[in-house]
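Source file: model-v9.txt (compact mmCIF, C-alpha atoms)
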```txt
# COMPACT_ATOMS: atom_id res chain seq x y z
CA MET A 30 34.13 -55.15 41.69
CA ASN A 31 33.55 -56.27 38.10
CA ARG A 32 29.81 -55.59 38.52
CA LEU A 33 30.57 -52.07 39.85
CA ILE A 34 32.86 -51.32 36.89
CA GLY A 35 30.13 -52.56 34.51
CA LEU A 36 27.51 -50.30 36.06
CA MET A 37 29.86 -47.31 35.79
CA ALA A 38 30.38 -48.04 32.10
CA VAL A 39 26.61 -48.13 31.52
CA PHE A 40 26.21 -44.72 33.24
CA ILE A 41 28.98 -43.23 31.11
CA ILE A 42 27.32 -44.50 27.88
CA LEU A 43 23.90 -43.13 28.93
CA ALA A 44 25.43 -39.74 29.76
CA GLY A 45 27.00 -39.58 26.31
CA ILE A 46 23.67 -40.36 24.60
CA LEU A 47 21.83 -37.65 26.60
CA ALA A 48 24.53 -35.09 25.77
CA GLY A 49 24.12 -35.84 22.07
CA CYS A 50 20.36 -35.30 22.25
CA ALA A 51 20.89 -31.83 23.77
CA GLY A 52 22.95 -30.55 20.83
CA SER A 53 22.24 -27.69 18.38
CA PRO A 54 18.50 -27.39 17.49
CA GLY A 55 19.48 -26.56 13.95
CA ASP A 56 21.19 -29.92 13.57
CA ASN A 57 19.01 -32.23 15.62
CA ASP A 58 15.52 -30.73 15.94
CA PRO A 59 13.20 -32.40 13.39
CA VAL A 60 10.33 -30.09 14.38
CA GLY A 61 12.13 -26.99 13.06
CA ASN A 62 12.23 -24.71 16.10
CA ALA A 63 13.33 -21.07 15.80
CA PRO A 64 17.01 -20.60 14.90
CA ALA A 65 19.57 -19.85 17.59
CA ALA A 66 21.32 -16.50 18.05
CA ASN A 67 23.48 -15.26 15.15
CA ASP A 68 21.84 -17.72 12.73
CA ALA A 69 21.61 -16.26 9.19
CA SER A 70 17.82 -16.53 9.33
CA ASN A 71 17.74 -14.64 12.65
CA PRO A 72 19.38 -11.33 11.69
CA SER A 73 18.44 -9.64 14.94
CA GLY A 74 20.92 -11.92 16.69
CA GLU A 75 18.60 -12.40 19.68
CA ALA A 76 18.96 -15.66 21.55
CA HIS A 77 16.11 -18.13 21.25
CA ARG A 78 13.99 -18.10 24.42
CA ALA A 79 12.49 -21.34 25.70
CA ASP A 80 9.36 -19.80 27.25
CA ASN A 81 6.24 -20.14 25.09
CA ASP A 82 5.20 -16.53 25.69
CA ALA A 83 8.18 -15.38 23.61
CA GLU A 84 7.06 -17.30 20.53
CA PRO A 85 5.26 -15.10 17.91
CA SER A 86 1.87 -16.22 16.68
CA GLU A 87 1.42 -17.38 13.08
CA SER A 88 -0.36 -14.11 12.17
CA GLU A 89 2.34 -11.88 13.67
CA GLU A 90 4.66 -10.08 11.25
CA LYS A 91 8.30 -11.16 11.40
CA PRO A 92 10.15 -8.64 9.19
CA ALA A 93 13.92 -8.73 8.73
CA TRP A 94 15.81 -5.45 8.86
CA PRO A 95 17.81 -4.02 7.22
CA ARG A 96 16.11 -5.09 4.03
CA THR A 97 16.68 -4.36 0.36
CA ILE A 98 13.67 -3.21 -1.64
CA THR A 99 13.68 -3.76 -5.39
CA ASP A 100 11.59 -1.01 -6.96
CA ALA A 101 10.97 0.10 -10.57
CA VAL A 102 14.46 1.58 -10.99
CA GLY A 103 16.78 -0.48 -8.80
CA GLU A 104 17.46 -1.40 -5.20
CA VAL A 105 16.93 0.67 -2.05
CA VAL A 106 18.07 -0.35 1.44
CA LEU A 107 15.83 0.37 4.43
CA GLU A 108 17.77 0.09 7.68
CA LYS A 109 14.72 -0.26 9.93
CA PRO A 110 10.90 -0.35 9.74
CA PRO A 111 9.82 3.14 8.64
CA GLN A 112 7.51 4.96 11.03
CA ARG A 113 7.14 8.11 8.93
CA VAL A 114 6.07 7.14 5.41
CA VAL A 115 5.54 9.97 2.92
CA VAL A 116 3.81 9.47 -0.44
CA LEU A 117 4.21 12.15 -3.08
CA HIS A 118 1.11 11.12 -5.04
CA PRO A 119 -2.24 10.41 -3.35
CA LEU A 120 -2.70 7.21 -5.35
CA TYR A 121 -0.50 5.38 -2.86
CA LEU A 122 -2.51 6.49 0.15
CA ASP A 123 -4.91 3.66 -0.68
CA TYR A 124 -2.30 0.95 -0.26
CA PHE A 125 -0.82 2.16 3.01
CA PHE A 126 -4.23 2.72 4.56
CA ALA A 127 -5.23 -0.80 3.50
CA LEU A 128 -2.09 -2.12 5.21
CA GLY A 129 -2.91 -0.25 8.40
CA LYS A 130 0.15 2.00 8.00
CA PRO A 131 -1.22 5.40 6.93
CA PRO A 132 1.41 7.84 5.66
CA ILE A 133 2.17 10.93 7.69
CA ALA A 134 2.02 13.14 4.59
CA SER A 135 0.95 13.08 0.95
CA GLY A 136 0.59 15.24 -2.10
CA ASN A 137 -3.02 16.48 -2.39
CA ALA A 138 -3.80 14.89 0.99
CA GLU A 139 -6.55 17.35 1.90
CA ILE A 140 -8.50 16.78 -1.31
CA ALA A 141 -7.91 13.02 -1.25
CA MET A 142 -9.09 12.54 2.33
CA ALA A 143 -12.12 14.77 1.81
CA GLU A 144 -13.26 13.63 -1.64
CA TYR A 145 -11.82 10.26 -2.73
CA GLU A 146 -14.38 7.51 -2.35
CA THR A 147 -11.61 5.00 -1.76
CA LEU A 148 -10.60 6.85 1.42
CA GLN A 149 -13.97 7.84 2.85
CA SER A 150 -13.97 5.01 5.37
CA TYR A 151 -10.69 6.40 6.72
CA ALA A 152 -11.63 10.09 6.69
CA GLY A 153 -11.92 11.48 10.19
CA SER A 154 -9.87 8.62 11.61
CA SER A 155 -6.92 9.10 13.91
CA ALA A 156 -4.67 9.31 10.86
CA ASP A 157 -3.83 12.97 10.26
CA VAL A 158 -2.18 13.14 6.84
CA ILE A 159 -0.21 16.33 6.23
CA ASP A 160 -0.88 17.98 2.87
CA LEU A 161 2.30 18.49 0.82
CA GLY A 162 0.55 20.55 -1.86
CA SER A 163 0.24 19.53 -5.49
CA GLY A 164 0.88 15.90 -6.28
CA ARG A 165 2.22 17.00 -9.65
CA ASP A 166 4.80 19.53 -8.48
CA VAL A 167 6.76 18.26 -5.50
CA ASN A 168 7.61 20.85 -2.84
CA LEU A 169 11.03 19.80 -1.58
CA GLU A 170 10.92 22.09 1.45
CA LYS A 171 7.61 20.65 2.65
CA VAL A 172 8.92 17.12 2.24
CA MET A 173 11.97 17.99 4.35
CA GLU A 174 9.77 19.59 7.03
CA VAL A 175 7.84 16.38 7.71
CA ASP A 176 11.08 14.44 8.29
CA PRO A 177 10.20 11.20 6.47
CA ASP A 178 11.82 7.79 7.02
CA VAL A 179 10.95 6.77 3.46
CA ILE A 180 9.51 8.56 0.41
CA VAL A 181 7.23 6.71 -2.02
CA THR A 182 6.11 7.78 -5.49
CA PHE A 183 5.89 6.44 -9.04
CA LYS A 184 8.71 6.05 -11.53
CA GLY A 185 9.35 9.21 -13.53
CA HIS A 186 7.60 11.49 -11.06
CA ILE A 187 10.63 13.02 -9.37
CA ASP A 188 13.53 12.49 -11.81
CA ALA A 189 14.65 16.13 -11.53
CA LEU A 190 14.50 16.07 -7.72
CA TYR A 191 15.72 12.55 -7.04
CA ASP A 192 19.18 13.49 -5.79
CA GLU A 193 17.81 16.06 -3.35
CA LEU A 194 15.01 13.79 -2.13
CA SER A 195 17.34 10.82 -1.62
CA LYS A 196 19.38 12.97 0.77
CA VAL A 197 16.24 13.45 2.87
CA ALA A 198 15.21 9.77 3.02
CA PRO A 199 15.32 6.58 0.91
CA VAL A 200 13.12 6.98 -2.18
CA ILE A 201 11.00 4.07 -3.45
CA GLN A 202 9.71 4.42 -7.02
CA ILE A 203 6.82 2.21 -8.11
CA ASP A 204 5.98 1.36 -11.71
CA TYR A 205 2.65 3.08 -12.32
CA SER A 206 1.63 0.26 -14.69
CA ASP A 207 2.12 -2.45 -12.05
CA THR A 208 -0.91 -4.48 -11.08
CA TRP A 209 -2.64 -3.63 -7.83
CA GLU A 210 -1.38 -6.93 -6.40
CA ASP A 211 2.29 -6.15 -7.14
CA THR A 212 1.92 -2.61 -5.83
CA MET A 213 0.30 -3.93 -2.65
CA ARG A 214 3.18 -6.35 -2.13
CA LEU A 215 5.81 -3.66 -2.67
CA CYS A 216 4.13 -1.31 -0.19
CA ALA A 217 3.97 -4.23 2.24
CA GLU A 218 7.71 -4.82 1.85
CA ILE A 219 8.33 -1.19 2.73
CA THR A 220 6.35 -1.47 5.96
CA GLY A 221 6.98 -5.10 6.90
CA LYS A 222 3.31 -6.01 6.40
CA GLU A 223 3.66 -8.88 3.97
CA GLN A 224 1.25 -11.20 5.76
CA VAL A 225 -1.39 -8.48 5.99
CA ALA A 226 -0.96 -7.78 2.28
CA GLU A 227 -1.34 -11.41 1.22
CA GLN A 228 -4.51 -11.82 3.26
CA TYR A 229 -5.92 -8.59 1.83
CA ILE A 230 -5.03 -9.64 -1.71
CA GLN A 231 -6.79 -12.98 -1.32
CA GLU A 232 -9.86 -11.29 0.17
CA THR A 233 -9.95 -8.81 -2.72
CA LYS A 234 -9.66 -11.55 -5.33
CA ALA A 235 -12.52 -13.38 -3.64
CA LEU A 236 -14.56 -10.17 -3.77
CA ILE A 237 -13.90 -9.85 -7.52
CA GLU A 238 -15.03 -13.44 -8.07
CA GLU A 239 -18.14 -12.85 -5.99
CA ALA A 240 -18.98 -9.79 -8.10
CA LYS A 241 -18.55 -11.78 -11.32
CA VAL A 242 -20.92 -14.45 -10.07
CA LYS A 243 -23.52 -11.95 -8.94
CA LEU A 244 -23.34 -10.01 -12.21
CA GLY A 245 -24.75 -13.13 -13.85
CA GLU A 246 -26.71 -12.17 -16.96
CA LEU A 247 -25.34 -8.63 -16.85
CA GLN A 248 -22.07 -10.01 -18.17
CA GLU A 249 -23.91 -10.44 -21.45
CA LYS A 250 -24.48 -6.68 -21.53
CA SER A 251 -21.86 -4.31 -22.94
CA PHE A 252 -20.16 -1.66 -20.79
CA ALA A 253 -18.32 1.41 -22.09
CA LEU A 254 -15.87 2.96 -19.64
CA PHE A 255 -15.04 6.64 -20.17
CA ARG A 256 -13.17 9.57 -18.70
CA VAL A 257 -14.21 13.20 -19.26
CA ASP A 258 -11.97 15.98 -20.62
CA SER A 259 -12.06 19.72 -19.89
CA LYS A 260 -14.58 20.28 -22.70
CA ALA A 261 -17.04 17.64 -21.47
CA ASN A 262 -15.97 15.20 -24.19
CA PHE A 263 -15.57 11.50 -23.50
CA GLY A 264 -12.34 9.54 -23.67
CA ALA A 265 -12.17 5.75 -23.64
CA GLN A 266 -10.13 4.14 -20.89
CA GLY A 267 -9.17 1.33 -23.27
CA THR A 268 -9.54 -2.39 -22.59
CA LYS A 269 -5.87 -2.89 -21.76
CA ASN A 270 -5.80 -0.09 -19.18
CA THR A 271 -8.35 -1.49 -16.76
CA ILE A 272 -9.16 -4.83 -15.19
CA TYR A 273 -12.88 -4.25 -15.74
CA TYR A 274 -12.75 -6.14 -19.05
CA ASP A 275 -10.22 -8.77 -17.95
CA VAL A 276 -11.94 -12.16 -17.82
CA GLU A 277 -9.32 -13.88 -15.65
CA LEU A 278 -8.13 -11.15 -13.30
CA GLY A 279 -10.99 -8.68 -13.41
CA PHE A 280 -14.75 -8.44 -13.74
CA GLY A 281 -14.98 -9.80 -17.29
CA LEU A 282 -17.29 -7.07 -18.59
CA GLN A 283 -18.34 -7.34 -22.24
CA VAL A 284 -16.59 -4.87 -24.53
CA PRO A 285 -18.86 -2.80 -26.83
CA ALA A 286 -18.24 -3.15 -30.57
CA GLY A 287 -15.67 -0.57 -31.62
CA TYR A 288 -14.39 0.17 -28.12
CA PRO A 289 -10.58 0.63 -28.37
CA GLU A 290 -7.77 -1.25 -26.66
CA ASP A 291 -5.97 1.94 -25.70
CA ASN A 292 -7.19 5.21 -24.28
CA GLY A 293 -8.31 7.98 -26.61
CA PRO A 294 -11.09 10.47 -27.41
CA ILE A 295 -14.51 9.15 -28.44
CA SER A 296 -16.95 11.24 -30.44
CA LEU A 297 -20.69 11.01 -29.87
CA GLU A 298 -20.99 9.51 -33.33
CA ALA A 299 -18.52 6.76 -32.42
CA LEU A 300 -20.36 6.24 -29.15
CA SER A 301 -23.60 5.95 -31.09
CA GLU A 302 -22.09 3.17 -33.20
CA MET A 303 -20.97 1.33 -30.07
CA ASN A 304 -24.38 1.87 -28.46
CA PRO A 305 -23.40 0.14 -25.20
CA ASP A 306 -25.96 -1.17 -22.73
CA TYR A 307 -24.14 0.63 -19.91
CA ILE A 308 -21.96 3.72 -19.81
CA ILE A 309 -19.61 4.22 -16.87
CA LEU A 310 -18.10 7.68 -16.41
CA GLN A 311 -15.10 7.20 -14.18
CA HIS A 312 -14.32 10.76 -13.19
CA ASN A 313 -14.93 13.52 -10.68
CA VAL A 314 -18.65 13.26 -9.94
CA ASP A 315 -19.43 16.95 -10.52
CA VAL A 316 -17.49 16.99 -13.80
CA ALA A 317 -19.23 13.82 -14.99
CA GLN A 318 -22.67 15.17 -14.11
CA ALA A 319 -21.92 18.39 -15.97
CA ALA A 320 -20.83 16.41 -19.05
CA ILE A 321 -24.10 14.46 -19.00
CA LYS A 322 -26.16 17.62 -18.60
CA GLU A 323 -24.34 19.23 -21.53
CA LYS A 324 -25.55 16.40 -23.79
CA GLU A 325 -29.13 16.10 -22.58
CA SER A 326 -30.54 18.12 -25.46
CA LEU A 327 -28.72 16.12 -28.17
CA ALA A 328 -30.71 13.55 -30.13
CA VAL A 329 -27.68 11.30 -30.65
CA TRP A 330 -27.19 11.12 -26.88
CA ASN A 331 -30.83 10.44 -26.08
CA ALA A 332 -30.94 7.65 -28.70
CA LEU A 333 -28.34 5.61 -26.82
CA GLU A 334 -29.60 2.42 -25.15
CA ALA A 335 -27.76 3.26 -21.93
CA VAL A 336 -29.40 6.70 -21.79
CA LYS A 337 -32.91 5.47 -22.66
CA ASN A 338 -32.69 2.79 -19.95
CA ASP A 339 -31.15 5.07 -17.33
CA GLN A 340 -27.97 3.03 -17.29
CA VAL A 341 -25.37 5.79 -17.26
CA LEU A 342 -23.30 5.25 -14.13
CA ILE A 343 -20.78 7.54 -12.42
CA PHE A 344 -17.84 6.03 -10.57
CA ASP A 345 -15.79 8.40 -8.45
CA ASN A 346 -12.50 9.64 -9.91
CA SER A 347 -10.49 7.74 -7.29
CA LEU A 348 -11.63 4.45 -8.80
CA ASN A 349 -9.64 5.36 -11.90
CA SER A 350 -6.46 4.55 -9.98
CA GLY A 351 -7.11 0.81 -10.10
CA SER A 352 -5.73 0.54 -6.56
CA VAL A 353 -6.63 -2.28 -4.21
CA LEU A 354 -9.31 -0.10 -2.57
CA ALA A 355 -10.59 1.07 -5.96
CA VAL A 356 -11.01 -2.54 -7.08
CA ARG A 357 -12.89 -3.46 -3.91
CA ILE A 358 -15.30 -0.53 -4.26
CA ALA A 359 -15.85 -1.35 -7.94
CA ALA A 360 -16.74 -4.92 -6.95
CA GLU A 361 -19.28 -3.60 -4.45
CA LYS A 362 -20.78 -1.30 -7.09
CA PHE A 363 -21.18 -4.12 -9.60
CA MET A 364 -22.83 -6.31 -6.98
CA ALA A 365 -25.21 -3.48 -6.10
CA LEU A 366 -25.98 -3.02 -9.81
CA ALA A 367 -26.77 -6.72 -10.15
CA ALA A 368 -29.11 -6.54 -7.19
CA GLN A 369 -31.29 -3.81 -8.74
```

Would you mind giving the structure from this file in structure tokens?
Amino acid sequence: MNRLIGLMAVFIILAGILAGCAGSPGDNDPVGNAPAANDASNPSGEAHRADNDAEPSESEEKPAWPRTITDAVGEVVLEKPPQRVVVLHPLYLDYFFALGKPPIASGNAEIAMAEYETLQSYAGSSADVIDLGSGRDVNLEKVMEVDPDVIVTFKGHIDALYDELSKVAPVIQIDYSDTWEDTMRLCAEITGKEQVAEQYIQETKALIEEAKVKLGELQEKSFALFRVDSKANFGAQGTKNTIYYDVELGFGLQVPAGYPEDNGPISLEALSEMNPDYIILQHNVDVAQAAIKEKESLAVWNALEAVKNDQVLIFDNSLNSGSVLAVRIAAEKFMALAAQ
């Protein structure tokens, strides 16, 4: 009898140990399995499933909704992942296409999809972007017609219409001066594509570094970056307004003597004093070509080193945006230049 009582005691102790091992995974699981239902880090409240097929892969997005977006003016709450993104300025088309979440509508969509070099690889794709008209003057009625889930633009663009637009859908305002990385991350927050964004950012940074390496001796040459005004005059972009001259974050191009930090008009005489090895006109291609042609008969133009050596380059106007796609195309252009 004593032996039987002893065996029963052992069984009771073993049962207690096994029960303890089967407790809450949050308290006892050293591996860090997914949280149980109603855990703060599992806002969907769905119960954890034991079958392996239910586990998301490492590359799968795991967004939490609702989520609060901090933009250039404050905080905006998005209740669920937006399916109908509308951008009021075509600049932001680049970011959403790069994230694989093309907007349903955009200001100047028709022109952008047909002409912007940054978007040519997406033109004719399944993404049919509705044109909202001018990117400068927002048409409230057209925006309402496309029934957006979220509206994206830059800070200061829609101050007069903000109240009306915010009744249509949440409005996200991006700081136009933000880096392409920060803008990419904000657009990723809007769509729940953070992992895609980080991978794309790292790939783009690697592309920039590759371009810098391949430029090699060309980094000892000076590059003058210009826009073109309505009278075919040149205007400097300014070293602080582009990553082209940034040694750490950009392509590290050499700045010509006398080239300004900020944007502003540049006379041919001032350009002659700079006498850069390369001139890059970052503008609409037809406008840039017309500006060059207008100067072909001028001695001061023909005396420039860049002109004599046929080193006047035209970069499409869309590259002026400094978007993630613009940066990638610029890297490809510099690598092609180095290969000549």

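Taking all atoms listed in the file into account, Tyr205 of chain A lies nearest to A:Gly185 out of the set A:Gly185, A:Asp258, A:Lys234, A:Ala265.
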
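Closest approach to Ala365 of chain A from the set A:Val106, A:Ala335, A:Ala299, A:Leu244 is made by A:Leu244, with distances taken over all atoms listed in the file.
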
Once 8 Å is added on each side, what centre and edge lengths in Å to one decimal does the axis-aligned box around all listed atoms of segment 236-254 of chain A have, as AutoDock Vina command-line options?
```
--center_x -20.3 --center_y -5.7 --center_z -13.4 --size_x 28.8 --size_y 33.4 --size_z 35.2
```

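Note that atom CA of Glu277 of chain A and atom CA of Ile309 of chain A are 20.9 Å apart.
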
How far is it from atom CA of Ile140 of chain A to atom CA of Asp315 of chain A, in Å with one decimal?
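Spanning atom CA of Ile140 of chain A to atom CA of Asp315 of chain A is a straight-line distance of 14.3 Å.
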
For a test of reading the model, state the distance in Å between atom CA of Ile203 of chain A and atom CA of Lys184 of chain A, rounded to one decimal.
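If I compute the distance from atom CA of Ile203 of chain A to atom CA of Lys184 of chain A, I get 5.5 Å.
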
For each of A:Leu348, A:Met142, A:Ala101, A:Ala240, take the minimum atom-to-atom distance to Leu215 of chain A, counting only C-alpha atoms, then give the residue where this is smallest.
A:Ala101

Give me, as a ChimeraX atom specification, all polymer residues having an atom no more than 9 Å from Ala198 of chain A, counting only C-alpha atoms and skipping those fewer than 4 positions away in the same chain.
/A:173,176-180,194

I need the chosen residues saved as a short mmCIF file (atom, residue, chain, number, x, y, z; two decimals), in the frame of the given file, with C-alpha atoms.
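The resulting file, part.cif, is reproduced below:
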```cif
data_model
loop_
_atom_site.label_atom_id
_atom_site.label_comp_id
_atom_site.auth_asym_id
_atom_site.auth_seq_id
_atom_site.Cartn_x
_atom_site.Cartn_y
_atom_site.Cartn_z
CA MET A 173 11.97 17.99 4.35
CA ASP A 176 11.08 14.44 8.29
CA PRO A 177 10.20 11.20 6.47
CA ASP A 178 11.82 7.79 7.02
CA VAL A 179 10.95 6.77 3.46
CA ILE A 180 9.51 8.56 0.41
CA LEU A 194 15.01 13.79 -2.13
#
```

Got a moment to write segment 338-351 of chain A out with N, CA, C and O atoms, as a CSV table (one decimal), in the first residue's frame?
```csv
chain,number,residue,atom,x,y,z
A,338,ASN,N,34.0,69.6,-76.3
A,338,ASN,CA,34.3,68.1,-76.2
A,338,ASN,C,33.0,67.3,-76.3
A,338,ASN,O,33.0,66.1,-76.0
A,339,ASP,N,31.9,67.9,-76.7
A,339,ASP,CA,30.6,67.3,-76.9
A,339,ASP,C,30.2,66.6,-75.6
A,339,ASP,O,29.8,65.4,-75.5
A,340,GLN,N,30.3,67.4,-74.5
A,340,GLN,CA,30.0,66.8,-73.2
A,340,GLN,C,28.8,67.7,-72.5
A,340,GLN,O,28.9,67.9,-71.3
A,341,VAL,N,27.9,68.0,-73.3
A,341,VAL,CA,26.6,68.7,-72.8
A,341,VAL,C,25.6,67.6,-72.8
A,341,VAL,O,25.2,67.0,-73.9
A,342,LEU,N,25.1,67.2,-71.6
A,342,LEU,CA,24.2,66.1,-71.5
A,342,LEU,C,22.8,66.6,-71.1
A,342,LEU,O,22.6,67.7,-70.5
A,343,ILE,N,21.8,65.9,-71.6
A,343,ILE,CA,20.4,66.2,-71.2
A,343,ILE,C,19.8,65.1,-70.4
A,343,ILE,O,19.8,64.0,-70.8
A,344,PHE,N,19.4,65.4,-69.2
A,344,PHE,CA,18.7,64.5,-68.3
A,344,PHE,C,17.2,64.9,-68.3
A,344,PHE,O,16.9,66.1,-68.1
A,345,ASP,N,16.3,63.9,-68.5
A,345,ASP,CA,14.9,64.2,-68.6
A,345,ASP,C,14.4,65.0,-67.3
A,345,ASP,O,14.9,64.8,-66.2
A,346,ASN,N,13.4,65.8,-67.6
A,346,ASN,CA,12.8,66.7,-66.5
A,346,ASN,C,12.4,65.9,-65.3
A,346,ASN,O,12.5,66.4,-64.1
A,347,SER,N,12.0,64.7,-65.4
A,347,SER,CA,11.5,63.9,-64.3
A,347,SER,C,12.7,63.6,-63.3
A,347,SER,O,12.4,63.3,-62.1
A,348,LEU,N,13.9,63.6,-63.8
A,348,LEU,CA,15.0,63.4,-62.9
A,348,LEU,C,15.3,64.5,-61.9
A,348,LEU,O,16.0,64.4,-60.9
A,349,ASN,N,14.7,65.7,-62.2
A,349,ASN,CA,14.8,66.8,-61.3
A,349,ASN,C,14.1,66.6,-60.0
A,349,ASN,O,14.4,67.3,-59.0
A,350,SER,N,13.2,65.7,-60.0
A,350,SER,CA,12.4,65.4,-58.7
A,350,SER,C,13.3,64.9,-57.6
A,350,SER,O,13.0,65.0,-56.4
A,351,GLY,N,14.4,64.2,-58.0
A,351,GLY,CA,15.2,63.6,-56.9
A,351,GLY,C,14.5,62.4,-56.3
A,351,GLY,O,14.9,62.0,-55.2
```
